[in-house]
Each structure stands twice: as C-alpha cells, then as structure tokens.
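The data block below is upload32.txt; it holds compact mmCIF, C-alpha atoms.
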```txt
# COMPACT_ATOMS: atom_id res chain seq x y z
CA MET A 1 3.41 6.45 3.35
CA PRO A 2 1.30 5.12 0.46
CA GLU A 3 -1.82 3.40 1.78
CA LEU A 4 -4.14 0.87 0.18
CA PRO A 5 -5.57 3.19 -2.55
CA GLU A 6 -2.12 4.41 -3.59
CA VAL A 7 -0.67 0.89 -3.71
CA GLU A 8 -3.73 -0.34 -5.62
CA THR A 9 -3.27 2.53 -8.09
CA VAL A 10 0.34 1.44 -8.66
CA ARG A 11 -0.74 -2.21 -9.00
CA ARG A 12 -3.28 -1.32 -11.69
CA GLY A 13 -0.68 0.69 -13.56
CA LEU A 14 1.81 -2.17 -13.40
CA GLU A 15 -0.81 -4.70 -14.46
CA GLN A 16 -1.69 -2.56 -17.45
CA LYS A 17 1.81 -1.61 -18.57
CA ILE A 18 4.18 -4.24 -17.14
CA SER A 19 2.21 -7.44 -17.59
CA ASN A 20 4.11 -10.09 -19.58
CA PHE A 21 7.37 -8.26 -18.87
CA SER A 22 10.30 -10.61 -19.55
CA ILE A 23 13.20 -9.65 -17.32
CA GLN A 24 16.40 -9.68 -19.36
CA LYS A 25 18.57 -7.58 -17.08
CA VAL A 26 18.47 -6.37 -13.46
CA GLU A 27 20.66 -3.79 -11.76
CA VAL A 28 20.69 -3.11 -8.02
CA LEU A 29 22.07 0.31 -7.14
CA LYS A 30 21.37 0.13 -3.40
CA GLU A 31 21.94 -3.09 -1.48
CA ARG A 32 19.61 -2.18 1.39
CA SER A 33 16.64 -2.13 -1.01
CA ILE A 34 16.87 -5.94 -1.34
CA ALA A 35 15.33 -7.62 1.71
CA SER A 36 15.18 -11.26 0.59
CA GLU A 37 17.61 -13.96 1.65
CA GLY A 38 20.88 -13.89 -0.25
CA GLY A 39 20.74 -10.13 -0.87
CA SER A 40 21.30 -8.60 -4.29
CA ARG A 41 23.45 -11.47 -5.58
CA THR A 42 20.61 -14.01 -5.30
CA PHE A 43 18.03 -11.41 -6.33
CA LEU A 44 19.91 -10.67 -9.57
CA SER A 45 20.64 -14.27 -10.49
CA ARG A 46 17.12 -15.58 -9.82
CA LEU A 47 15.11 -12.84 -11.52
CA LYS A 48 17.01 -12.77 -14.81
CA GLY A 49 15.07 -14.62 -17.49
CA LEU A 50 11.78 -14.69 -15.58
CA LYS A 51 8.54 -13.21 -16.84
CA VAL A 52 6.09 -11.09 -14.83
CA VAL A 53 2.65 -12.51 -15.60
CA LYS A 54 0.39 -10.93 -12.95
CA TRP A 55 0.44 -8.17 -10.33
CA SER A 56 -1.63 -8.47 -7.17
CA ARG A 57 -1.80 -6.60 -3.88
CA ARG A 58 -2.05 -7.68 -0.24
CA GLY A 59 -2.38 -4.77 2.18
CA LYS A 60 0.38 -2.35 1.19
CA TYR A 61 2.47 -5.06 -0.54
CA LEU A 62 2.74 -5.47 -4.32
CA ILE A 63 3.11 -9.08 -5.47
CA ALA A 64 4.26 -10.07 -8.96
CA SER A 65 3.75 -13.69 -10.00
CA LEU A 66 6.68 -14.92 -12.11
CA GLN A 67 7.08 -17.65 -14.72
CA LYS A 68 10.19 -19.46 -15.88
CA GLN A 69 11.06 -20.08 -19.52
CA ASN A 70 11.23 -23.76 -20.48
CA SER A 71 13.23 -25.45 -23.23
CA SER A 72 10.73 -24.53 -25.95
CA ASN A 73 11.12 -20.82 -25.11
CA SER A 74 7.62 -20.61 -23.68
CA PHE A 75 6.91 -19.51 -20.11
CA LYS A 76 5.20 -22.35 -18.32
CA SER A 77 6.73 -23.23 -14.95
CA HIS A 78 6.38 -21.14 -11.84
CA GLY A 79 9.32 -18.82 -11.19
CA GLY A 80 8.41 -17.55 -7.75
CA TRP A 81 7.37 -14.05 -6.72
CA LEU A 82 8.71 -10.52 -6.75
CA ILE A 83 7.41 -8.65 -3.68
CA VAL A 84 7.61 -4.88 -3.22
CA HIS A 85 6.79 -2.60 -0.29
CA LEU A 86 6.93 1.08 -1.23
CA ARG A 87 7.27 2.25 2.41
CA MET A 88 7.32 6.05 2.58
CA THR A 89 8.57 7.27 -0.79
CA GLY A 90 9.01 4.28 -3.11
CA GLN A 91 7.62 4.56 -6.63
CA PHE A 92 7.94 2.88 -10.01
CA GLN A 93 8.78 4.59 -13.29
CA ILE A 94 8.60 3.21 -16.82
CA HIS A 95 11.15 4.38 -19.38
CA GLN A 96 10.72 3.33 -23.00
CA LYS A 97 14.01 4.94 -24.03
CA PRO A 98 17.41 4.97 -22.26
CA CYS A 99 17.87 7.84 -19.80
CA ILE A 100 20.25 8.57 -16.94
CA PRO A 101 18.81 7.44 -13.59
CA CYS A 102 18.31 9.99 -10.84
CA SER A 103 20.28 9.71 -7.59
CA HIS A 104 17.31 8.08 -5.84
CA THR A 105 17.11 5.14 -8.26
CA ARG A 106 17.51 1.87 -6.33
CA VAL A 107 16.68 -1.03 -8.68
CA ARG A 108 16.34 -1.23 -12.49
CA PHE A 109 14.70 -3.94 -14.64
CA TRP A 110 14.85 -4.20 -18.45
CA ASP A 111 12.96 -6.37 -20.92
CA LYS A 112 14.30 -7.57 -24.28
CA GLU A 113 12.89 -4.50 -26.08
CA GLY A 114 14.86 -2.21 -23.77
CA THR A 115 11.87 -0.96 -21.77
CA GLU A 116 13.00 -0.16 -18.23
CA LEU A 117 11.01 -0.54 -15.02
CA ARG A 118 12.76 1.63 -12.46
CA PHE A 119 12.27 1.60 -8.68
CA VAL A 120 12.97 5.04 -7.24
CA ASP A 121 12.94 5.72 -3.50
CA MET A 122 14.04 9.06 -2.09
CA ARG A 123 14.06 7.98 1.58
CA ASN A 124 15.35 4.49 0.71
CA PHE A 125 13.05 2.62 3.09
CA GLY A 126 11.34 0.60 0.33
CA GLN A 127 12.04 -3.13 0.12
CA LEU A 128 12.04 -5.80 -2.59
CA TRP A 129 12.07 -9.58 -2.20
CA TRP A 130 12.42 -12.56 -4.51
CA ILE A 131 10.57 -15.56 -3.08
CA GLU A 132 11.33 -19.00 -4.52
CA PRO A 133 8.55 -20.97 -6.27
CA ASN A 134 8.32 -23.79 -3.71
CA SER A 135 7.41 -21.31 -0.99
CA TYR A 136 4.84 -18.56 -0.41
CA PRO A 137 5.34 -14.84 0.28
CA SER A 138 3.30 -15.06 3.49
CA GLU A 139 5.69 -17.73 4.80
CA ASN A 140 8.78 -15.57 4.27
CA ILE A 141 7.81 -11.97 4.95
CA GLN A 142 6.81 -11.16 8.51
CA GLY A 143 4.55 -8.27 7.53
CA LEU A 144 2.52 -10.54 5.24
CA LYS A 145 2.28 -13.31 7.84
CA THR A 146 0.39 -11.14 10.30
CA LEU A 147 -1.85 -9.06 8.00
CA GLY A 148 -5.51 -8.74 8.90
CA PRO A 149 -8.31 -9.05 6.35
CA GLU A 150 -8.65 -6.73 3.37
CA PRO A 151 -11.31 -4.02 3.91
CA PHE A 152 -13.13 -5.24 0.76
CA SER A 153 -13.30 -8.85 1.95
CA GLU A 154 -16.36 -10.55 3.45
CA GLU A 155 -14.32 -11.26 6.57
CA PHE A 156 -14.05 -7.55 7.38
CA ASN A 157 -17.30 -6.52 9.06
CA SER A 158 -18.65 -5.17 12.34
CA SER A 159 -18.83 -8.61 13.98
CA TYR A 160 -15.18 -9.21 13.18
CA LEU A 161 -14.15 -5.80 14.54
CA LYS A 162 -16.25 -6.26 17.69
CA ARG A 163 -14.53 -9.58 18.35
CA LYS A 164 -11.02 -8.23 17.66
CA LEU A 165 -11.52 -5.10 19.77
CA LYS A 166 -13.32 -6.71 22.72
CA GLY A 167 -11.82 -5.50 26.00
CA LYS A 168 -9.24 -3.29 24.28
CA THR A 169 -8.46 0.10 25.82
CA ARG A 170 -6.45 1.39 22.86
CA SER A 171 -8.00 4.16 20.79
CA ILE A 172 -10.03 3.30 17.72
CA LYS A 173 -7.58 5.36 15.64
CA SER A 174 -4.71 3.20 16.88
CA ALA A 175 -6.70 0.05 16.09
CA LEU A 176 -7.36 1.15 12.51
CA LEU A 177 -3.64 1.72 11.97
CA ASP A 178 -2.87 -1.82 13.17
CA GLN A 179 -2.22 -3.90 10.03
CA THR A 180 -3.01 -7.11 11.95
CA ILE A 181 -6.59 -5.85 12.36
CA VAL A 182 -7.23 -4.45 8.87
CA ALA A 183 -4.79 -4.52 5.98
CA GLY A 184 -3.83 -1.39 4.09
CA THR A 185 -5.46 1.35 6.15
CA GLY A 186 -3.18 4.18 7.25
CA ASN A 187 -3.38 7.67 8.66
CA ILE A 188 -5.32 9.44 5.91
CA TYR A 189 -8.16 6.94 5.53
CA ALA A 190 -8.41 6.20 9.26
CA ASP A 191 -9.08 9.92 9.89
CA GLU A 192 -11.48 10.26 6.99
CA SER A 193 -13.49 7.11 7.78
CA LEU A 194 -13.79 7.97 11.48
CA PHE A 195 -15.11 11.40 10.52
CA ALA A 196 -17.60 9.88 8.06
CA ALA A 197 -18.77 7.44 10.75
CA GLY A 198 -19.03 10.20 13.40
CA ILE A 199 -16.64 8.45 15.79
CA LEU A 200 -14.11 10.34 17.90
CA PRO A 201 -10.64 8.90 17.18
CA THR A 202 -9.64 8.90 20.88
CA ARG A 203 -12.50 6.62 21.98
CA GLU A 204 -11.57 3.27 23.53
CA SER A 205 -11.96 0.75 20.72
CA GLY A 206 -13.40 -1.94 22.98
CA LYS A 207 -16.29 0.28 24.05
CA ILE A 208 -17.57 1.21 20.61
CA LYS A 209 -20.98 -0.28 19.88
CA GLU A 210 -21.44 -2.72 17.02
CA PHE A 211 -23.81 -0.46 15.06
CA GLU A 212 -21.08 2.22 15.12
CA LEU A 213 -18.49 -0.30 13.98
CA ASN A 214 -20.81 -1.31 11.15
CA LYS A 215 -21.01 2.31 10.00
CA LEU A 216 -17.23 2.58 10.27
CA CYS A 217 -16.73 -0.51 8.08
CA VAL A 218 -19.14 0.81 5.46
CA LYS A 219 -17.59 4.29 5.40
CA LEU A 220 -14.03 2.96 5.25
CA VAL A 221 -14.84 0.83 2.20
CA GLU A 222 -16.70 3.72 0.54
CA ILE A 223 -13.82 6.15 1.05
CA LEU A 224 -11.19 3.66 -0.11
CA LYS A 225 -13.15 2.98 -3.30
CA ILE A 226 -13.54 6.70 -4.00
CA SER A 227 -9.82 7.27 -3.45
CA ILE A 228 -8.85 4.38 -5.74
CA GLY A 229 -11.06 5.95 -8.40
CA GLU A 230 -9.17 9.23 -7.95
CA GLY A 231 -5.76 7.55 -8.20
CA GLY A 232 -5.04 7.78 -4.47
CA THR A 233 -3.87 10.76 -2.43
CA THR A 234 -0.77 12.90 -2.83
CA PHE A 235 0.14 15.22 0.03
CA SER A 236 3.90 14.91 -0.43
CA ASP A 237 5.68 12.17 -2.40
CA PHE A 238 3.22 9.70 -3.93
CA ARG A 239 3.25 9.41 -7.75
CA ASP A 240 1.71 6.81 -10.02
CA LEU A 241 3.54 5.14 -12.95
CA GLU A 242 2.95 8.20 -15.10
CA GLY A 243 4.47 10.46 -12.46
CA LEU A 244 1.05 11.95 -11.65
CA ASN A 245 -0.30 12.95 -8.25
CA GLY A 246 -3.30 11.23 -6.71
CA ASN A 247 -6.42 13.42 -6.79
CA TYR A 248 -8.26 12.39 -3.62
CA GLY A 249 -6.45 14.86 -1.33
CA GLY A 250 -8.63 17.75 -2.42
CA GLN A 251 -11.69 15.84 -1.19
CA SER A 252 -10.45 15.19 2.35
CA LEU A 253 -12.84 16.45 5.00
CA VAL A 254 -10.53 16.45 8.03
CA TYR A 255 -7.07 15.16 7.14
CA ARG A 256 -4.51 18.00 7.14
CA ARG A 257 -7.25 20.58 7.74
CA GLU A 258 -6.27 21.66 11.27
CA ASN A 259 -8.01 24.92 12.33
CA GLU A 260 -9.98 25.02 9.09
CA PRO A 261 -13.80 24.99 9.34
CA CYS A 262 -15.51 21.61 9.21
CA LYS A 263 -17.22 21.25 5.84
CA LYS A 264 -20.33 19.91 7.61
CA CYS A 265 -20.79 22.13 10.69
CA GLY A 266 -18.19 24.91 10.49
CA THR A 267 -16.39 23.95 13.72
CA LYS A 268 -12.60 24.21 13.55
CA ILE A 269 -10.86 20.90 12.83
CA LYS A 270 -8.65 19.67 15.68
CA ARG A 271 -5.33 17.86 15.47
CA GLN A 272 -3.59 15.66 18.04
CA LYS A 273 -0.97 12.93 17.93
CA ILE A 274 -2.45 9.49 18.53
CA ALA A 275 -0.30 6.36 18.28
CA GLY A 276 2.50 8.61 17.06
CA ARG A 277 0.48 9.89 14.10
CA SER A 278 -1.13 13.27 13.52
CA THR A 279 -4.88 12.77 13.86
CA HIS A 280 -7.56 15.16 12.61
CA TRP A 281 -11.22 15.32 13.64
CA CYS A 282 -14.23 17.57 14.16
CA PRO A 283 -15.14 17.96 17.86
CA GLN A 284 -18.76 18.65 16.91
CA CYS A 285 -19.41 15.91 14.34
CA GLN A 286 -17.45 13.12 16.06
CA LEU A 287 -18.52 11.82 19.47
```

Kindly return the structure encoded in the file as structure tokens.
Amino acid sequence: MPELPEVETVRRGLEQKISNFSIQKVEVLKERSIASEGGSRTFLSRLKGLKVVKWSRRGKYLIASLQKQNSSNSFKSHGGWLIVHLRMTGQFQIHQKPCIPCSHTRVRFWDKEGTELRFVDMRNFGQLWWIEPNSYPSENIQGLKTLGPEPFSEEFNSSYLKRKLKGKTRSIKSALLDQTIVAGTGNIYADESLFAAGILPTRESGKIKEFELNKLCVKLVEILKISIGEGGTTFSDFRDLEGLNGNYGGQSLVYRRENEPCKKCGTKIKRQKIAGRSTHWCPQCQL
C-alpha cells in the first residue's frame, strides 16, 4: 500500500500538472470506487463544472479543493472537496490525447481541452469521495476523523509518543502502523525507522524510554524526507503520474532483505509477522 512518501509524490505531481483543472466530464466505470453518499450518481452530477484549485494531503488521503463557476464564468465560490485514498494499487494517469482505457480503469475526468485524469486501480480497493462545501472531509470520512498528527508536525515528538504509548503492551511496530498515533506511516518506513533508531520492533511500546522515542521520531522524519525526495518506494505496484517507479527501495536497509547481511554489521536480517505485517530487523543492531 502506498505510504506517506508515495502519496506525497502523487500529490506533488497532481499539484504540478492538474492544478486549475476544470472538470467538464466525469465517467465512473466501477461503482464500488465511489465511497461518498449518493454513490456515482451524486458524484457525477456534483463534480461536473467544478475546478480543482489545490491538492493537499492528510496521512494517506489526497484532498482536492474545488471551486464553483459563478455567473461571470469565473471560479469564485467553494465547490467542496474531492477526496482520494489509493489503498493498495490505486494510481493516477494523465492522458493528453484520447486512448482506450485499460481494464483496471475505475474513474475518468476530462477538462475542456480534452486532457484526461484517469484513476486506475488493479485491486479495486481505492476510494473516491465528493464532500459538499458546507461540510469538511474530516467530518464525513471515518479514516480522516481519527488520524493522528503528521510526522512533520510540531505535535509529533517524543513527549507526544510517550504520552500515547504509556502503559501499552502492544509492540512498537504495531503502534507505528496505527494511523491514530501517527498519520501516513506504514510497513516500509516503520521497519526502516526502527532500524535507524536501533529499536527492536517487538518491544513493548509502553516501556520504551523517551530518549529512544526521540531518536525514533527524528529518524522517521529523516527517512520520510529522503523517500519523498526519491519519489517514494516501489516494490510492487506504486507508480507516479508519469508511470515511474519510486527510487527509495534500493536504499532500504532492512525492509524485504530477509537473510541478507545487515549493511551495518553483517548479521542476517530477520523477518517475522507482527500485527499481521511482515517485519524486518537486524538482531544485532536493534535491541
């Protein structure tokens, strides 16, 4: 599943290429892709004629701010939001010229010049919402309601983690995957940041000292920034708007390196399922 760096990479691509995109036509090819109230019928009728003016990100959610055209043909009034969660295999494609959609195409948007923004999702778990202008995305989408702070925010620090994890017996790996604790972190960057901080992923989160949590916060932010700079990670399905793989995967120190030598000490990397996810660590470097 795309994590924070991958979603941020897509957001930046959309902001660069699909800003000021006036939606003239929408086609929904798969009903289950539309998660907002009223289904595809409302989604189609409300989005037509709106203009995408800004793309933002919250956790793993993409949020497009929309404007409505007024009587003078200028876009002034608020038109609500278009929300997207890529889930496991969702991706956007931009097509400047008409072309036949692949079988995994779920939703298509066109502007008045005929440029198409296409949502493609092989596993078909991705979701799109239209949220009306007199409401807020966080009031309508359960996943947004409960999100923890962004890793780059001032709120995310060792004191915050210490408070949230106090008395918890769950593993620190499980805690990092919990989107109510920190938004956007998933399997790849949890493994990599725990390795960088020297923390064993199976340790009880409530027993980790604050100086260790401080190192974990610092390393998580560092690794996320590096990955964003590399366009995210591609181990299977992730592609950016140009159809390119993320480049961070080749830099991973533990993730998907089971039985390979640790790049720091040479010890073989271990793998175990924790919280239902494959977890990788070095038994020598992480305590």

Of the residues A:Tyr160, A:Phe43, A:Phe92, A:Tyr255, which is the one nearest to Arg277 in chain A, using all atoms listed in the file?
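Result for the nearest residue to Arg277 in chain A: A:Tyr255.
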
Shell of 9 Å around Leu220 in chain A, all atoms listed in the file, local chain residues under 6 positions omitted, as a PyMOL selection string
chain A and resi 151+185+189-190+192-194+196-197

For Trp130 in chain A, which of A:Thr279, A:Thr89, A:Ser33, A:Ser158 is the closest residue, counting all atoms listed in the file?
A:Ser33

The distance between CA of Asp111 in chain A and CA of Ser22 in chain A is 5.2 Å

Given the choices A:Asn20, A:Thr202, A:Asn124, A:Ser135, which gets closest to His104 in chain A if the distance is worked out from only C-alpha atoms?
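For His104 in chain A, the nearest of the given residues is A:Asn124.
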
Give me, please, the distance in Å between CA of Ser278 in chain A and CA of Phe156 in chain A, quoted to one decimal.
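Straight-line distance from CA of Ser278 in chain A to CA of Phe156 in chain A works out to 25.3 Å.
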
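Distance annotation: of A:Lys54, A:Lys30, A:Lys60, A:Arg163, the residue with the minimal separation from Thr105 in chain A is A:Lys30; atom set is all atoms listed in the file.
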
Between A:Pro2, A:Phe21, A:Gln127, A:Arg108, which has the minimum distance to Met88 in chain A (counting only C-alpha atoms)?
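Among A:Pro2, A:Phe21, A:Gln127, A:Arg108, it is A:Pro2 that comes nearest to Met88 in chain A.
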
State, in Å with one decimal place, the distance from CA of Ile100 in chain A to CA of Gly13 in chain A.
22.6 Å
